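Structure record follows, encoded as structure tokens.
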Amino acid sequence: MPTLDRLPRLVLLLAAALALGACAVPRAGPSSGEITAPTADVPFTIVPVSAAVTAATRQEPTLGFGTDFQRRKPAAVDVIVPGDVLTITVWENSETGLLSATGIGATTMPNVRVDAAGTIHVPYVGRVRAAGRSVATLSRIIRDQLAERVLNPQVDVFPHVSDARQVSVQGVVGAPGLYSIRAGSRHLLPMLAQAGGVPADPEVVRLRLRRGSETGEVWLQDLYDRPEMNVPLAAGDAVIAERDRRSFTALGAVGKTMRVPFPHRRLSLADALGAIGGLRDDFADPSGVFIFRDESADVMQRLDPGMRGEAAGAGGKVVYVLDLTAPGGMFLARDFIMRDGDTLYATTAPFVRFRQVLSSIAPVIGLAGSARSLGGF
């Protein structure tokens, strides 16, 4: 048993070992006390999560096509335009045929392309203006021209392909490619069906529609739910379907430390914790859950209406802290909305660090005991 004069030395030795162990113990990140006592190197604001804070920070992306997209008239697919490819069939009923050898039967002229001037060439008729006319009108004009040479001809014109009315459909669709606007695919939704559909969760798929210098975007689920979003398409449109690229990073005493894509359009803190397996029961401190964020200027103003001057016109770094053990903590976690680029960090419980310190100094104490035993011997 150590004598009284040796106790101070043992206390000093133990304190030194604890201090050494505390410095040497590995850990996943800062403690709650270190976060809430920020240095001047990287200034940020600590904001405890409350009902008012969840309301002030809620910024959910709202997408939708503007009135210019919604008011556009559907493409007139029955009107011929330059670039269309037609199939023309002429039926003759005479003993001496003009287009056919027998004079009785059908003569088919496939792949008749409407040139840049909007005209086509028909044998024994010459150049005929096709652009701007319907298929029925063009059939009648060709029939009337041939009637001067053929007894009672019949003419059928079928649109085959249209390079001038093509839409590019790309991204997470079944069959990306170029598709012609047809009578049944003049709107966005049937055009997606023509491209094989979107084999992904509509809650996390965005549809971007580019038309010249204009761009509109909508959630795929909204396209299903809101008929006004099923906008008419125009020649040259580009439709891009892509998964939501927003994500957050999870660090610290959580089930999985990783970069996590948003699994839902609206992601709450509770949903985010569920996506990473929650907090670790054996390590996490549920009273210290932090969300690191570069906050926008308007939200900063709502958080602190008293800000003036430059502080009111600029964003800033904010660390939101949530105590899940507090009354209503789970409700706040459900209402707090995560945003793209957030970092979710769960601190380690104090007893875990103490346990790690003890584990790290145990060999030192054992060595000291052995040395003392040897010295006594």
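Residues are named by chain letter and number: chains run A, B, ... in the order of the structure tokens, numbers start at 1 in each chain, and ligands are numbered from 1 in the order shown.
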Looking only at the backbone, which of the residues in region 43-147 of chain A does DSSP tag as strand (DSSP E), as a ChimeraX atom specification?
/A:45-48,84-93,104-113,119-122,126-129
Please give the complete set of residues from region 85-245 of chain A that DSSP, run on the backbone, assigns to helix (DSSP H, G or I), formatted as a ChimeraX atom specification.
/A:135-146,163-165,188-194,202-204,220-225,227-229
Residue nearest Ala253 (chain A) among A:Leu63, A:Val112, A:Ile276, A:Met229 (counting only C-alpha atoms)
A:Ile276
Mind checking which residues fall within 7 Å of region 318-323 of chain A, counting only C-alpha atoms, ignoring those fewer than 3 positions away in the same chain, and posting them as a PyMOL selection string?
chain A and resi 44-49+286-295+326+329
Can you write out the residues you just picked, keeping N, CA, C and O atoms, as a PDB file, in the first residue's frame?
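See again_16.pdb below for the written result:
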```
ATOM      1  N   PHE A  44     -18.425  31.212 -37.595  1.00  0.00           N
ATOM      2  CA  PHE A  44     -19.739  30.663 -37.923  1.00  0.00           C
ATOM      3  C   PHE A  44     -20.678  30.926 -36.760  1.00  0.00           C
ATOM      4  O   PHE A  44     -20.259  31.309 -35.660  1.00  0.00           O
ATOM      5  N   THR A  45     -21.947  30.716 -37.013  1.00  0.00           N
ATOM      6  CA  THR A  45     -22.977  31.005 -36.028  1.00  0.00           C
ATOM      7  C   THR A  45     -23.604  29.712 -35.551  1.00  0.00           C
ATOM      8  O   THR A  45     -23.955  28.850 -36.355  1.00  0.00           O
ATOM      9  N   ILE A  46     -23.738  29.576 -34.236  1.00  0.00           N
ATOM     10  CA  ILE A  46     -24.408  28.425 -33.646  1.00  0.00           C
ATOM     11  C   ILE A  46     -25.894  28.759 -33.491  1.00  0.00           C
ATOM     12  O   ILE A  46     -26.247  29.775 -32.892  1.00  0.00           O
ATOM     13  N   VAL A  47     -26.754  27.904 -34.048  1.00  0.00           N
ATOM     14  CA  VAL A  47     -28.199  28.138 -33.984  1.00  0.00           C
ATOM     15  C   VAL A  47     -28.868  26.872 -33.445  1.00  0.00           C
ATOM     16  O   VAL A  47     -28.896  25.852 -34.137  1.00  0.00           O
ATOM     17  N   PRO A  48     -29.401  26.903 -32.231  1.00  0.00           N
ATOM     18  CA  PRO A  48     -30.171  25.750 -31.742  1.00  0.00           C
ATOM     19  C   PRO A  48     -31.449  25.589 -32.556  1.00  0.00           C
ATOM     20  O   PRO A  48     -32.139  26.569 -32.855  1.00  0.00           O
ATOM     21  N   VAL A  49     -31.760  24.366 -32.929  1.00  0.00           N
ATOM     22  CA  VAL A  49     -32.956  24.102 -33.736  1.00  0.00           C
ATOM     23  C   VAL A  49     -34.193  24.236 -32.857  1.00  0.00           C
ATOM     24  O   VAL A  49     -34.279  23.654 -31.775  1.00  0.00           O
ATOM     25  N   PRO A 286     -26.749  11.652 -28.377  1.00  0.00           N
ATOM     26  CA  PRO A 286     -27.956  12.159 -29.031  1.00  0.00           C
ATOM     27  C   PRO A 286     -28.260  13.615 -28.717  1.00  0.00           C
ATOM     28  O   PRO A 286     -29.098  14.227 -29.388  1.00  0.00           O
ATOM     29  N   SER A 287     -27.589  14.178 -27.729  1.00  0.00           N
ATOM     30  CA  SER A 287     -27.803  15.596 -27.439  1.00  0.00           C
ATOM     31  C   SER A 287     -26.924  16.496 -28.295  1.00  0.00           C
ATOM     32  O   SER A 287     -27.032  17.725 -28.207  1.00  0.00           O
ATOM     33  N   GLY A 288     -26.058  15.911 -29.119  1.00  0.00           N
ATOM     34  CA  GLY A 288     -25.154  16.699 -29.948  1.00  0.00           C
ATOM     35  C   GLY A 288     -25.193  16.283 -31.401  1.00  0.00           C
ATOM     36  O   GLY A 288     -24.267  15.640 -31.899  1.00  0.00           O
ATOM     37  N   VAL A 289     -26.286  16.607 -32.101  1.00  0.00           N
ATOM     38  CA  VAL A 289     -26.403  16.363 -33.542  1.00  0.00           C
ATOM     39  C   VAL A 289     -26.302  17.712 -34.236  1.00  0.00           C
ATOM     40  O   VAL A 289     -27.091  18.633 -33.959  1.00  0.00           O
ATOM     41  N   PHE A 290     -25.342  17.858 -35.142  1.00  0.00           N
ATOM     42  CA  PHE A 290     -25.050  19.148 -35.761  1.00  0.00           C
ATOM     43  C   PHE A 290     -25.250  19.068 -37.270  1.00  0.00           C
ATOM     44  O   PHE A 290     -24.969  18.042 -37.899  1.00  0.00           O
ATOM     45  N   ILE A 291     -25.710  20.165 -37.854  1.00  0.00           N
ATOM     46  CA  ILE A 291     -25.829  20.306 -39.303  1.00  0.00           C
ATOM     47  C   ILE A 291     -25.033  21.535 -39.705  1.00  0.00           C
ATOM     48  O   ILE A 291     -25.359  22.659 -39.302  1.00  0.00           O
ATOM     49  N   PHE A 292     -23.964  21.327 -40.477  1.00  0.00           N
ATOM     50  CA  PHE A 292     -23.113  22.417 -40.960  1.00  0.00           C
ATOM     51  C   PHE A 292     -23.636  22.849 -42.334  1.00  0.00           C
ATOM     52  O   PHE A 292     -23.827  22.022 -43.230  1.00  0.00           O
ATOM     53  N   ARG A 293     -23.807  24.160 -42.511  1.00  0.00           N
ATOM     54  CA  ARG A 293     -24.424  24.638 -43.757  1.00  0.00           C
ATOM     55  C   ARG A 293     -23.910  26.038 -44.095  1.00  0.00           C
ATOM     56  O   ARG A 293     -23.728  26.882 -43.212  1.00  0.00           O
ATOM     57  N   ASP A 294     -23.715  26.280 -45.394  1.00  0.00           N
ATOM     58  CA  ASP A 294     -23.497  27.637 -45.899  1.00  0.00           C
ATOM     59  C   ASP A 294     -24.876  28.224 -46.179  1.00  0.00           C
ATOM     60  O   ASP A 294     -25.515  27.880 -47.178  1.00  0.00           O
ATOM     61  N   GLU A 295     -25.318  29.101 -45.313  1.00  0.00           N
ATOM     62  CA  GLU A 295     -26.684  29.579 -45.363  1.00  0.00           C
ATOM     63  C   GLU A 295     -26.810  30.787 -46.294  1.00  0.00           C
ATOM     64  O   GLU A 295     -25.855  31.568 -46.463  1.00  0.00           O
ATOM     65  N   ALA A 326     -34.108  16.129 -25.898  1.00  0.00           N
ATOM     66  CA  ALA A 326     -34.986  17.164 -25.356  1.00  0.00           C
ATOM     67  C   ALA A 326     -36.437  16.854 -25.726  1.00  0.00           C
ATOM     68  O   ALA A 326     -36.709  16.181 -26.727  1.00  0.00           O
ATOM     69  N   GLY A 329     -37.707  16.837 -29.393  1.00  0.00           N
ATOM     70  CA  GLY A 329     -36.555  16.755 -30.285  1.00  0.00           C
ATOM     71  C   GLY A 329     -36.823  15.965 -31.546  1.00  0.00           C
ATOM     72  O   GLY A 329     -36.381  16.343 -32.635  1.00  0.00           O
TER      73      GLY A 329
END
```
Just to confirm, what's the straight-line distance from CA of Ala56 (chain A) to CA of Val299 (chain A) in Å (one decimal)?
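Between CA of Ala56 (chain A) and CA of Val299 (chain A) the gap works out to 6.4 Å.
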Each residue of region 200-299 of chain A lying at most 9 Å from region 176-191 of chain A should get a row with its shortest atom-to-atom pair and the distance in Å to one decimal, counting only C-alpha atoms; could you produce that, ordered by chain and increasing number, as CSV?
```
residue,atom,partner,partner_atom,distance
A:Leu223,CA,A:Leu189,CA,7.5
A:Tyr224,CA,A:Leu189,CA,8.2
A:Met229,CA,A:Leu188,CA,8.4
A:Asn230,CA,A:Leu188,CA,5.4
A:Val231,CA,A:His187,CA,5.5
A:Pro232,CA,A:His187,CA,4.2
A:Leu233,CA,A:His187,CA,5.4
A:Ala234,CA,A:Ile181,CA,8.0
A:Ala235,CA,A:Ile181,CA,7.5
A:Val239,CA,A:Leu188,CA,8.4
```
Close residues, Phe65 (chain A) itself excluded, 9 Å, only C-alpha atoms, min 4 positions apart in chain, as a list in words:
Phe69, Gln70, Leu209, Thr215, Gly216, Glu217, Val218, Glu228, Met229 and Val231 of chain A
Expected file contents, prior selection, all heavy atoms, as a compact mmCIF listing (two decimals), in the first residue's frame:
```txt
# COMPACT_ATOMS: atom_id res chain seq x y z
N PHE A 69 -44.19 27.90 -71.82
CA PHE A 69 -44.25 26.49 -72.20
C PHE A 69 -45.68 25.98 -72.21
O PHE A 69 -46.07 25.21 -73.08
CB PHE A 69 -43.40 25.65 -71.23
CG PHE A 69 -41.92 25.79 -71.43
CD1 PHE A 69 -41.18 26.63 -70.61
CD2 PHE A 69 -41.26 25.09 -72.42
CE1 PHE A 69 -39.82 26.76 -70.77
CE2 PHE A 69 -39.90 25.21 -72.59
CZ PHE A 69 -39.17 26.06 -71.77
N GLN A 70 -46.48 26.40 -71.24
CA GLN A 70 -47.83 25.86 -71.11
C GLN A 70 -48.77 26.38 -72.20
O GLN A 70 -49.69 25.68 -72.62
CB GLN A 70 -48.41 26.20 -69.73
CG GLN A 70 -47.65 25.57 -68.57
CD GLN A 70 -48.28 25.89 -67.23
OE1 GLN A 70 -49.50 25.89 -67.08
NE2 GLN A 70 -47.46 26.17 -66.23
N LEU A 209 -36.57 20.65 -69.80
CA LEU A 209 -36.98 20.88 -71.18
C LEU A 209 -36.28 22.13 -71.68
O LEU A 209 -36.47 23.23 -71.15
CB LEU A 209 -38.50 21.05 -71.27
CG LEU A 209 -39.07 21.39 -72.65
CD1 LEU A 209 -38.70 20.32 -73.68
CD2 LEU A 209 -40.59 21.55 -72.57
N THR A 215 -35.38 27.41 -70.68
CA THR A 215 -35.28 26.13 -69.98
C THR A 215 -36.35 26.06 -68.91
O THR A 215 -36.55 27.01 -68.15
CB THR A 215 -33.89 25.95 -69.34
OG1 THR A 215 -32.88 26.01 -70.35
CG2 THR A 215 -33.80 24.60 -68.62
N GLY A 216 -37.04 24.94 -68.86
CA GLY A 216 -38.01 24.67 -67.80
C GLY A 216 -37.70 23.34 -67.16
O GLY A 216 -37.07 22.46 -67.77
N GLU A 217 -38.12 23.18 -65.91
CA GLU A 217 -37.81 21.95 -65.18
C GLU A 217 -38.99 21.58 -64.31
O GLU A 217 -39.67 22.44 -63.74
CB GLU A 217 -36.55 22.15 -64.33
CG GLU A 217 -35.94 20.88 -63.80
CD GLU A 217 -34.57 21.11 -63.17
OE1 GLU A 217 -34.20 22.29 -62.99
OE2 GLU A 217 -33.89 20.12 -62.86
N VAL A 218 -39.22 20.28 -64.19
CA VAL A 218 -40.35 19.79 -63.40
C VAL A 218 -39.97 18.44 -62.81
O VAL A 218 -39.16 17.69 -63.38
CB VAL A 218 -41.62 19.67 -64.28
CG1 VAL A 218 -41.46 18.55 -65.31
CG2 VAL A 218 -42.86 19.43 -63.44
N GLU A 228 -51.35 20.25 -66.20
CA GLU A 228 -50.85 21.44 -66.88
C GLU A 228 -49.35 21.37 -67.14
O GLU A 228 -48.81 22.14 -67.96
CB GLU A 228 -51.17 22.70 -66.07
CG GLU A 228 -50.41 22.84 -64.76
CD GLU A 228 -51.11 22.15 -63.59
OE1 GLU A 228 -52.01 21.33 -63.85
OE2 GLU A 228 -50.74 22.43 -62.43
N MET A 229 -48.64 20.44 -66.46
CA MET A 229 -47.21 20.27 -66.69
C MET A 229 -46.92 19.41 -67.92
O MET A 229 -45.78 19.33 -68.36
CB MET A 229 -46.54 19.65 -65.47
CG MET A 229 -46.52 20.55 -64.24
SD MET A 229 -45.54 22.05 -64.44
CE MET A 229 -46.83 23.29 -64.68
N VAL A 231 -46.74 19.66 -71.07
CA VAL A 231 -46.73 20.76 -72.02
C VAL A 231 -46.52 20.25 -73.45
O VAL A 231 -45.95 19.19 -73.68
CB VAL A 231 -45.62 21.77 -71.66
CG1 VAL A 231 -45.90 22.42 -70.32
CG2 VAL A 231 -44.25 21.09 -71.64
```
Rounded to one decimal place, report the CA of Arg208 (chain A)-CA of Gln221 (chain A) distance in Å.
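That distance, rounded to one decimal, is 13.3 Å.
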My list of candidates is A:Pro30, A:Glu148, A:Ala346, A:Val157. Which is closest to Phe283 (chain A) when distances are computed with only C-alpha atoms?
A:Ala346
Pull the closest atom pair for each residue of region 153-246 of chain A that gets at most 9 Å from region 261-268 of chain A, along with the distance in Å to one decimal, counting only C-alpha atoms, ordering rows by chain and then ascending residue number, as a tab-separated table.
```
residue	atom	partner	partner_atom	distance
A:Glu203	CA	A:Arg265	CA	5.9
A:Val204	CA	A:Arg265	CA	5.8
A:Val205	CA	A:Arg265	CA	8.8
A:Trp219	CA	A:Arg265	CA	8.8
A:Asp244	CA	A:Phe262	CA	7.2
A:Arg245	CA	A:Pro261	CA	6.8
A:Arg246	CA	A:Phe262	CA	5.8
```
Include C-alpha atoms and write out the residues we just selected as a PDB file, in the first residue's frame.
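Saved the output as result-v3.pdb:
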```pdb
ATOM      1  CA  GLU A 203     -40.025  11.350 -56.706  1.00  0.00           C
ATOM      2  CA  VAL A 204     -36.285  11.811 -57.394  1.00  0.00           C
ATOM      3  CA  VAL A 205     -36.283  12.385 -61.170  1.00  0.00           C
ATOM      4  CA  TRP A 219     -40.377  16.798 -61.060  1.00  0.00           C
ATOM      5  CA  ASP A 244     -31.854  14.485 -58.374  1.00  0.00           C
ATOM      6  CA  ARG A 245     -28.186  15.358 -57.800  1.00  0.00           C
ATOM      7  CA  ARG A 246     -28.603  16.806 -54.311  1.00  0.00           C
TER       8      ARG A 246
END
```
Which of these, A:His160, A:Arg226, A:Arg280, A:His121, has the shortest distance to Asp78 (chain A) once you count only C-alpha atoms?
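Ranked by minimum distance to Asp78 (chain A), first place goes to A:His160.
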Identify which of the residues A:Leu303, A:Ala270, A:Leu207, A:Leu344 lies closest to Thr57 (chain A), counting only C-alpha atoms when measuring atom-to-atom distances.
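Nearest to Thr57 (chain A): A:Leu303.
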Rounded to one decimal in Å, what is the spacing between CA of Arg211 (chain A) and CA of Asp84 (chain A)?
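Interatomic distance here is 20.8 Å.
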